[in-house]
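Source file: upload17.cif; contents: mmCIF, C-alpha atoms.
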data_my_file
loop_
_atom_site.label_atom_id
_atom_site.label_comp_id
_atom_site.auth_asym_id
_atom_site.auth_seq_id
_atom_site.Cartn_x
_atom_site.Cartn_y
_atom_site.Cartn_z
CA MET X 1 -68.65 -91.20 -59.82
CA ILE X 2 -66.99 -89.35 -56.94
CA SER X 3 -64.34 -86.78 -57.82
CA VAL X 4 -61.34 -86.59 -55.50
CA ILE X 5 -58.25 -84.43 -55.10
CA LEU X 6 -55.40 -85.88 -53.10
CA LEU X 7 -53.02 -83.72 -51.07
CA GLY X 8 -49.76 -85.21 -49.77
CA ALA X 9 -47.27 -87.76 -51.08
CA GLY X 10 -46.53 -90.08 -48.15
CA ASN X 11 -47.34 -93.75 -47.67
CA VAL X 12 -51.09 -93.28 -47.15
CA ALA X 13 -51.43 -90.88 -50.08
CA THR X 14 -49.54 -93.22 -52.39
CA HIS X 15 -51.71 -96.22 -51.51
CA LEU X 16 -54.92 -94.18 -51.83
CA TYR X 17 -53.75 -93.05 -55.26
CA LYS X 18 -53.26 -96.68 -56.30
CA ALA X 19 -56.65 -97.71 -54.90
CA PHE X 20 -58.51 -94.83 -56.54
CA SER X 21 -56.76 -95.49 -59.85
CA LYS X 22 -57.97 -99.08 -59.94
CA THR X 23 -61.69 -98.35 -59.63
CA ASP X 24 -64.26 -96.85 -61.98
CA ASN X 25 -66.15 -95.45 -58.98
CA VAL X 26 -63.64 -92.67 -58.32
CA ALA X 27 -62.34 -89.90 -60.55
CA LEU X 28 -58.97 -88.81 -59.18
CA LYS X 29 -58.73 -85.36 -60.72
CA GLN X 30 -55.52 -84.00 -59.26
CA TRP X 31 -52.64 -84.68 -56.86
CA TYR X 32 -51.03 -81.90 -54.85
CA ASN X 33 -47.76 -81.86 -52.98
CA ARG X 34 -45.59 -78.90 -52.00
CA ASN X 35 -42.59 -80.76 -53.46
CA LEU X 36 -43.37 -81.85 -57.01
CA LYS X 37 -40.32 -84.12 -57.18
CA SER X 38 -42.23 -86.64 -55.09
CA LEU X 39 -44.96 -86.79 -57.75
CA ASN X 40 -42.93 -86.57 -60.97
CA ARG X 41 -43.18 -90.29 -61.67
CA PHE X 42 -46.98 -89.97 -61.74
CA LYS X 43 -47.23 -86.85 -63.92
CA HIS X 44 -48.11 -88.78 -67.09
CA ARG X 45 -51.02 -90.48 -65.32
CA ILE X 46 -52.58 -87.69 -63.26
CA ALA X 47 -52.52 -83.90 -63.10
CA ILE X 48 -50.05 -82.81 -60.43
CA THR X 49 -49.48 -79.43 -58.83
CA ASP X 50 -47.59 -77.68 -56.05
CA ASP X 51 -49.89 -74.64 -56.17
CA LEU X 52 -52.90 -74.64 -53.84
CA LYS X 53 -54.49 -71.87 -55.91
CA ALA X 54 -54.47 -74.21 -58.90
CA LEU X 55 -56.57 -76.91 -57.19
CA LYS X 56 -59.53 -78.03 -59.26
CA GLU X 57 -63.07 -78.37 -57.99
CA ALA X 58 -63.95 -81.80 -56.62
CA ASP X 59 -66.40 -83.61 -54.36
CA ILE X 60 -63.74 -84.48 -51.76
CA TYR X 61 -60.31 -83.12 -50.86
CA ILE X 62 -58.21 -85.64 -48.92
CA LEU X 63 -55.38 -84.29 -46.76
CA ALA X 64 -53.07 -87.29 -46.51
CA VAL X 65 -50.27 -85.38 -44.79
CA SER X 66 -48.47 -85.55 -41.44
CA ASP X 67 -50.54 -84.80 -38.35
CA ASP X 68 -48.81 -81.50 -37.62
CA ALA X 69 -49.45 -80.26 -41.17
CA ILE X 70 -53.21 -80.86 -41.29
CA ALA X 71 -54.44 -77.71 -39.54
CA GLY X 72 -52.12 -75.39 -41.43
CA LEU X 73 -52.88 -76.93 -44.82
CA SER X 74 -56.62 -76.74 -44.23
CA GLU X 75 -56.24 -73.01 -43.46
CA GLN X 76 -54.34 -72.42 -46.70
CA LEU X 77 -57.00 -73.94 -48.95
CA PRO X 78 -58.31 -71.11 -51.18
CA PHE X 79 -61.99 -72.12 -51.18
CA GLU X 80 -64.93 -72.55 -48.83
CA ASN X 81 -67.83 -74.92 -48.15
CA ARG X 82 -66.23 -77.97 -49.79
CA LEU X 83 -65.69 -81.35 -48.14
CA VAL X 84 -62.15 -81.53 -46.77
CA VAL X 85 -61.07 -84.64 -44.85
CA HIS X 86 -57.86 -85.85 -43.27
CA THR X 87 -56.55 -89.41 -42.89
CA SER X 88 -55.06 -89.19 -39.39
CA GLY X 89 -55.87 -91.46 -36.49
CA SER X 90 -55.15 -88.86 -33.82
CA VAL X 91 -56.15 -85.40 -35.13
CA ASN X 92 -59.56 -84.07 -34.07
CA VAL X 93 -61.97 -83.26 -36.87
CA HIS X 94 -62.41 -79.80 -35.35
CA ASP X 95 -58.70 -79.04 -35.77
CA MET X 96 -59.28 -78.28 -39.44
CA ASP X 97 -60.35 -74.85 -40.66
CA LYS X 98 -64.12 -74.50 -40.34
CA LYS X 99 -64.48 -72.54 -43.57
CA ASN X 100 -64.96 -75.92 -45.25
CA ARG X 101 -67.07 -78.97 -44.39
CA ARG X 102 -64.84 -81.20 -42.32
CA GLY X 103 -64.45 -84.94 -42.03
CA VAL X 104 -62.10 -87.86 -41.42
CA PHE X 105 -61.29 -90.73 -43.78
CA TYR X 106 -58.95 -92.82 -41.62
CA PRO X 107 -57.64 -96.08 -43.12
CA LEU X 108 -56.78 -98.25 -40.12
CA GLN X 109 -53.86 -100.19 -41.51
CA THR X 110 -50.06 -100.10 -41.71
CA PHE X 111 -48.73 -98.77 -45.01
CA SER X 112 -45.34 -99.11 -46.65
CA LYS X 113 -44.76 -97.76 -50.14
CA THR X 114 -43.04 -100.94 -51.32
CA LYS X 115 -45.80 -103.27 -50.05
CA GLU X 116 -48.97 -103.61 -52.13
CA MET X 117 -52.22 -103.20 -50.22
CA ASP X 118 -55.59 -104.91 -50.69
CA PHE X 119 -58.11 -102.32 -49.54
CA GLN X 120 -60.62 -105.07 -48.78
CA GLN X 121 -58.37 -105.56 -45.73
CA VAL X 122 -58.32 -101.86 -44.85
CA PRO X 123 -61.23 -100.70 -42.67
CA ILE X 124 -61.99 -97.01 -43.15
CA CYS X 125 -63.05 -95.11 -40.03
CA ILE X 126 -65.33 -92.22 -41.00
CA GLU X 127 -66.27 -89.09 -39.10
CA THR X 128 -68.18 -86.09 -40.40
CA LEU X 129 -70.09 -83.12 -39.02
CA HIS X 130 -72.90 -83.43 -41.57
CA LYS X 131 -74.86 -86.56 -42.42
CA PRO X 132 -74.72 -86.17 -46.24
CA ASP X 133 -70.92 -85.97 -46.03
CA TYR X 134 -70.83 -89.24 -44.10
CA HIS X 135 -72.78 -91.02 -46.82
CA LEU X 136 -70.44 -89.59 -49.49
CA LEU X 137 -67.32 -90.79 -47.65
CA LYS X 138 -68.88 -94.19 -47.06
CA LYS X 139 -69.62 -94.45 -50.77
CA LEU X 140 -65.99 -93.52 -51.50
CA ALA X 141 -64.70 -96.25 -49.16
CA ILE X 142 -67.04 -98.85 -50.63
CA GLY X 143 -65.87 -97.78 -54.07
CA ILE X 144 -62.35 -99.03 -53.30
CA GLY X 145 -63.61 -102.17 -51.58
CA SER X 146 -63.04 -101.12 -47.97
CA PRO X 147 -65.31 -101.95 -45.02
CA THR X 148 -66.38 -98.83 -43.12
CA LYS X 149 -67.12 -97.86 -39.52
CA LYS X 150 -68.55 -94.64 -38.15
CA VAL X 151 -66.37 -93.43 -35.27
CA ASN X 152 -66.00 -90.18 -33.37
CA SER X 153 -62.69 -88.43 -32.61
CA ASP X 154 -62.32 -90.00 -29.15
CA GLN X 155 -62.94 -93.51 -30.48
CA ARG X 156 -60.53 -92.93 -33.35
CA ARG X 157 -57.78 -91.70 -31.01
CA SER X 158 -58.21 -94.82 -28.87
CA LEU X 159 -58.01 -97.02 -31.99
CA HIS X 160 -54.86 -95.23 -33.08
CA LEU X 161 -53.29 -95.70 -29.66
CA ALA X 162 -54.25 -99.39 -29.65
CA ALA X 163 -52.82 -99.68 -33.17
CA VAL X 164 -49.45 -98.43 -31.91
CA PHE X 165 -49.42 -101.27 -29.37
CA VAL X 166 -50.55 -104.06 -31.70
CA ASN X 167 -48.59 -102.91 -34.74
CA ASN X 168 -45.67 -100.54 -34.07
CA PHE X 169 -44.66 -102.00 -30.72
CA THR X 170 -45.21 -105.55 -31.94
CA ASN X 171 -43.01 -104.89 -34.95
CA GLN X 172 -40.26 -103.68 -32.64
CA LEU X 173 -40.59 -106.96 -30.74
CA PHE X 174 -40.18 -108.75 -34.08
CA ARG X 175 -36.99 -106.74 -34.54
CA ILE X 176 -35.71 -107.79 -31.11
CA GLY X 177 -36.54 -111.41 -31.93
CA HIS X 178 -34.59 -111.02 -35.17
CA GLU X 179 -31.57 -109.67 -33.26
CA ILE X 180 -31.71 -112.58 -30.82
CA THR X 181 -31.80 -115.23 -33.56
CA GLU X 182 -28.97 -113.51 -35.45
CA ARG X 183 -26.82 -113.38 -32.32
CA TYR X 184 -27.13 -117.12 -31.73
CA GLY X 185 -27.05 -118.21 -35.38
CA ALA X 186 -30.69 -119.33 -35.52
CA GLU X 187 -33.10 -118.66 -38.40
CA PHE X 188 -35.72 -115.96 -37.83
CA ASP X 189 -37.79 -117.47 -40.67
CA LEU X 190 -38.62 -120.42 -38.39
CA LEU X 191 -40.64 -117.99 -36.25
CA LYS X 192 -42.84 -116.76 -39.11
CA PRO X 193 -45.47 -119.54 -38.83
CA LEU X 194 -45.70 -118.72 -35.10
CA ILE X 195 -46.19 -115.02 -35.89
CA LEU X 196 -48.98 -115.85 -38.33
CA GLU X 197 -50.68 -118.28 -35.94
CA THR X 198 -50.61 -115.69 -33.14
CA ALA X 199 -52.31 -113.17 -35.42
CA LYS X 200 -54.85 -115.75 -36.56
CA LYS X 201 -55.83 -116.72 -33.01
CA VAL X 202 -57.03 -113.24 -32.08
CA GLN X 203 -59.39 -113.32 -35.07
CA THR X 204 -61.49 -115.96 -33.27
CA MET X 205 -60.65 -115.55 -29.58
CA SER X 206 -59.80 -112.74 -27.19
CA PRO X 207 -56.14 -111.78 -26.60
CA TYR X 208 -56.71 -112.63 -22.95
CA ALA X 209 -57.72 -116.20 -23.79
CA ALA X 210 -54.98 -116.57 -26.42
CA GLN X 211 -52.12 -115.82 -24.01
CA THR X 212 -49.54 -118.59 -23.57
CA GLY X 213 -45.88 -118.76 -22.54
CA PRO X 214 -43.70 -118.96 -19.43
CA ALA X 215 -45.14 -115.83 -17.78
CA LYS X 216 -48.69 -117.18 -18.13
CA ARG X 217 -47.58 -120.59 -16.81
CA GLY X 218 -45.65 -119.11 -13.88
CA ASP X 219 -42.49 -120.80 -15.13
CA LEU X 220 -39.90 -118.86 -13.14
CA GLU X 221 -36.93 -121.05 -14.11
CA THR X 222 -37.50 -120.48 -17.84
CA ILE X 223 -37.94 -116.76 -17.27
CA LYS X 224 -34.58 -116.63 -15.44
CA LYS X 225 -32.87 -118.52 -18.29
CA HIS X 226 -34.33 -116.14 -20.86
CA ILE X 227 -33.11 -113.11 -18.95
CA LYS X 228 -29.57 -114.50 -18.88
CA LEU X 229 -29.61 -115.03 -22.66
CA LEU X 230 -30.42 -111.38 -23.36
CA HIS X 231 -27.22 -109.41 -23.81
CA LYS X 232 -28.80 -105.93 -24.07
CA LYS X 233 -30.06 -104.27 -20.89
CA GLN X 234 -32.93 -102.67 -22.81
CA HIS X 235 -34.08 -106.07 -24.02
CA ARG X 236 -33.93 -107.45 -20.48
CA GLU X 237 -36.01 -104.52 -19.27
CA ILE X 238 -38.61 -105.06 -22.00
CA TYR X 239 -38.76 -108.79 -21.27
CA THR X 240 -39.18 -108.13 -17.54
CA LEU X 241 -41.82 -105.45 -18.04
CA LEU X 242 -43.92 -107.57 -20.39
CA THR X 243 -43.53 -110.63 -18.16
CA SER X 244 -44.78 -108.59 -15.21
CA ALA X 245 -47.70 -107.27 -17.26
CA ILE X 246 -48.76 -110.79 -18.24
CA GLN X 247 -48.50 -111.95 -14.62
CA ASP X 248 -50.62 -109.02 -13.42
CA THR X 249 -53.22 -109.65 -16.11
CA HIS X 250 -53.56 -113.34 -15.31
CA ASN X 251 -52.91 -113.18 -11.53
CA ILE X 252 -50.00 -115.60 -11.77
CA TYR X 253 -48.47 -116.78 -8.49
CA SER X 254 -45.48 -119.04 -7.85
CA SER X 255 -44.72 -121.42 -5.04
CA GLU X 256 -41.04 -120.47 -5.50
CA THR X 257 -41.81 -116.95 -4.29
CA GLY X 258 -43.91 -117.99 -1.32
CA GLY X 259 -47.22 -117.65 -3.12
CA HIS X 260 -46.55 -114.07 -4.13
CA PRO X 261 -46.58 -112.82 -7.73
CA LEU X 262 -43.39 -113.70 -9.54
CA LYS X 263 -40.61 -111.33 -8.57
CA LYS X 264 -38.85 -109.27 -11.24
CA PRO X 265 -35.36 -110.64 -11.96
CA ASP X 266 -32.51 -108.42 -10.79
CA LEU X 267 -31.25 -106.73 -13.96
CA ARG X 268 -27.98 -105.79 -12.29
CA LYS X 269 -26.81 -109.41 -12.25
#
Can you turn what I pasted into structure tokens?
Amino acid sequence: MISVILLGAGNVATHLYKAFSKTDNVALKQWYNRNLKSLNRFKHRIAITDDLKALKEADIYILAVSDDAIAGLSEQLPFENRLVVHTSGSVNVHDMDKKNRRGVFYPLQTFSKTKEMDFQQVPICIETLHKPDYHLLKKLAIGIGSPTKKVNSDQRRSLHLAAVFVNNFTNQLFRIGHEITERYGAEFDLLKPLILETAKKVQTMSPYAAQTGPAKRGDLETIKKHIKLLHKKQHREIYTLLTSAIQDTHNIYSSETGGHPLKKPDLRK
């Protein structure tokens, strides 16, 4: 059994707590946060503390805190030569204090406290400086049912950046779609099967091959109609930018523009 101490009380920390609590493979010995109020509801189930000097000894210390807090927290730890890992997608493993063995245990998934998470659907990206530590972190991930992948800091940063595009930016597009349907009295729920199908397609084919829509078809008339329907300038700019990106990707040309790539609609009209 692997003993773990969790530091932090955000979305990732909360879901890791739940995952560790459900398995017999992990002994979650203690949970630290500088503000104990965030942990009070768990105090009857796990030892909690706001004192770094009171941290117990464990196999792994997981810093599930904000990116800008990782380096400072690692420096404040009052011990040496223990395995300390963070859960960030963008912080270099070398940014942590070298007095301890350093590593990364990055769950590549979107987390919300109110949404339950199946860790079988959460790949864990692992990075360590010492081979035995890698095997220990892999065992920890397997213990909660997660698939694992060994990645270095550069690869992890690129995955995190890509995740912002496919998750955070996509969710904002969902929000824009929701605003559009509300404005015209349509039901956003009717789009949910389309959202699911789009996500399913990229499981079996490349995003390049999965692309459809008026920009891919070179349907300039539909594009113009869509632009006119958008009442917010920012939404028109986003639509135009993404349309242009799709056209560039797929080398789309239109006879209406003399064989040139489709021209950007004039947003001033």
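Across the structure, atom CA of X:Met205 and atom CA of X:His235 are spaced 28.8 Å apart.
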Surrounding residues of X:Ser112 excluding itself and chain neighbours under 4 positions, 10 Å, all atoms listed in the file, as a ChimeraX atom specification: /X:10-12,14-15,116-117
Rank X:Phe119, X:Thr87, X:Asp67, X:Ile142 by their smallest atom-to-atom distance to X:Lys18, using all atoms listed in the file, and report the top residue only.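 Counting all atoms listed in the file, the residue closest to X:Lys18 is X:Phe119.
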Residue by residue, what does the PyMOL selection byres ((chain X and resi 128-137) around 8) grab here? Present the result as an MDAnalysis selection string. chainID X and resid 83 93 101:105 126:127 138:141
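For stretch 226-228 of chain X, the set of protein, DNA and RNA residues having any atom at most 8 Å away, when counting only C-alpha atoms and skipping those fewer than 3 positions along the same chain, is Thr222, Ile223, His231, Arg236, Tyr239, Thr240 and Pro265 of chain X.
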Please write as JSON, numbers by chain the full residue list that the PyMOL selection byres ((chain X and resi 143) around 12) yields on this file. {"X": [1, 2, 3, 16, 19, 20, 21, 22, 23, 24, 25, 26, 27, 119, 120, 124, 136, 137, 138, 139, 140, 141, 142, 144, 145, 146, 147, 148]}
One-decimal distance in Å that lies between atom CA of X:Asn168 and atom CA of X:Lys216: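 Distance reported for this atom pair: 23.2 Å.
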Nearest to X:Ile176: which of X:Ser88, X:Gln234, X:Thr110, X:Asn251 is it, counting only C-alpha atoms?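 Using only C-alpha atoms, the shortest distance to X:Ile176 belongs to X:Gln234.
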Quick check, in Å to one decimal: how far apart do atom CA of X:Phe169 and atom CA of X:Asp248 lie?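 Spanning atom CA of X:Phe169 to atom CA of X:Asp248 is a straight-line distance of 19.6 Å.
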Min atom-atom distance to X:Leu63 from the set X:Val91, X:Ile48, X:Lys37, X:Gly8, counting only C-alpha atoms, belongs to X:Gly8
Could you list the residues chosen by the PyMOL selection byres ((chain X and resi 217) around 10) in this structure as a ChimeraX atom specification? /X:211-216,218-220,246-247,250,252-254
Since the input is missing atoms for stretch 86-98 of chain X, could you rebuild it with N, CA and C atoms and give the result as a PDB file, in the frame of the given file?
ATOM      1  N   HIS X  86     -59.232 -85.383 -43.482  1.00  0.00           N
ATOM      2  CA  HIS X  86     -57.860 -85.850 -43.270  1.00  0.00           C
ATOM      3  C   HIS X  86     -57.871 -87.351 -43.014  1.00  0.00           C
ATOM      4  N   THR X  87     -56.677 -87.954 -43.008  1.00  0.00           N
ATOM      5  CA  THR X  87     -56.550 -89.410 -42.890  1.00  0.00           C
ATOM      6  C   THR X  87     -55.867 -89.830 -41.590  1.00  0.00           C
ATOM      7  N   SER X  88     -55.804 -88.915 -40.622  1.00  0.00           N
ATOM      8  CA  SER X  88     -55.060 -89.190 -39.390  1.00  0.00           C
ATOM      9  C   SER X  88     -55.900 -89.956 -38.370  1.00  0.00           C
ATOM     10  N   GLY X  89     -55.201 -90.752 -37.561  1.00  0.00           N
ATOM     11  CA  GLY X  89     -55.870 -91.460 -36.490  1.00  0.00           C
ATOM     12  C   GLY X  89     -55.976 -90.660 -35.210  1.00  0.00           C
ATOM     13  N   SER X  90     -55.217 -89.556 -35.105  1.00  0.00           N
ATOM     14  CA  SER X  90     -55.150 -88.860 -33.820  1.00  0.00           C
ATOM     15  C   SER X  90     -55.550 -87.386 -33.859  1.00  0.00           C
ATOM     16  N   VAL X  91     -55.801 -86.820 -35.027  1.00  0.00           N
ATOM     17  CA  VAL X  91     -56.150 -85.400 -35.130  1.00  0.00           C
ATOM     18  C   VAL X  91     -57.666 -85.229 -35.086  1.00  0.00           C
ATOM     19  N   ASN X  92     -58.128 -84.326 -34.224  1.00  0.00           N
ATOM     20  CA  ASN X  92     -59.560 -84.070 -34.070  1.00  0.00           C
ATOM     21  C   ASN X  92     -60.122 -83.445 -35.340  1.00  0.00           C
ATOM     22  N   VAL X  93     -61.340 -83.809 -35.672  1.00  0.00           N
ATOM     23  CA  VAL X  93     -61.970 -83.260 -36.870  1.00  0.00           C
ATOM     24  C   VAL X  93     -62.119 -81.749 -36.776  1.00  0.00           C
ATOM     25  N   HIS X  94     -62.247 -81.233 -35.552  1.00  0.00           N
ATOM     26  CA  HIS X  94     -62.410 -79.800 -35.350  1.00  0.00           C
ATOM     27  C   HIS X  94     -61.095 -79.023 -35.485  1.00  0.00           C
ATOM     28  N   ASP X  95     -59.976 -79.720 -35.621  1.00  0.00           N
ATOM     29  CA  ASP X  95     -58.700 -79.040 -35.770  1.00  0.00           C
ATOM     30  C   ASP X  95     -58.519 -78.442 -37.166  1.00  0.00           C
ATOM     31  N   MET X  96     -59.360 -78.848 -38.101  1.00  0.00           N
ATOM     32  CA  MET X  96     -59.280 -78.280 -39.440  1.00  0.00           C
ATOM     33  C   MET X  96     -60.069 -76.984 -39.522  1.00  0.00           C
ATOM     34  N   ASP X  97     -59.709 -76.153 -40.484  1.00  0.00           N
ATOM     35  CA  ASP X  97     -60.350 -74.850 -40.660  1.00  0.00           C
ATOM     36  C   ASP X  97     -61.839 -75.036 -40.968  1.00  0.00           C
ATOM     37  N   LYS X  98     -62.671 -74.329 -40.226  1.00  0.00           N
ATOM     38  CA  LYS X  98     -64.120 -74.500 -40.340  1.00  0.00           C
ATOM     39  C   LYS X  98     -64.736 -73.803 -41.538  1.00  0.00           C
TER      40      LYS X  98
END
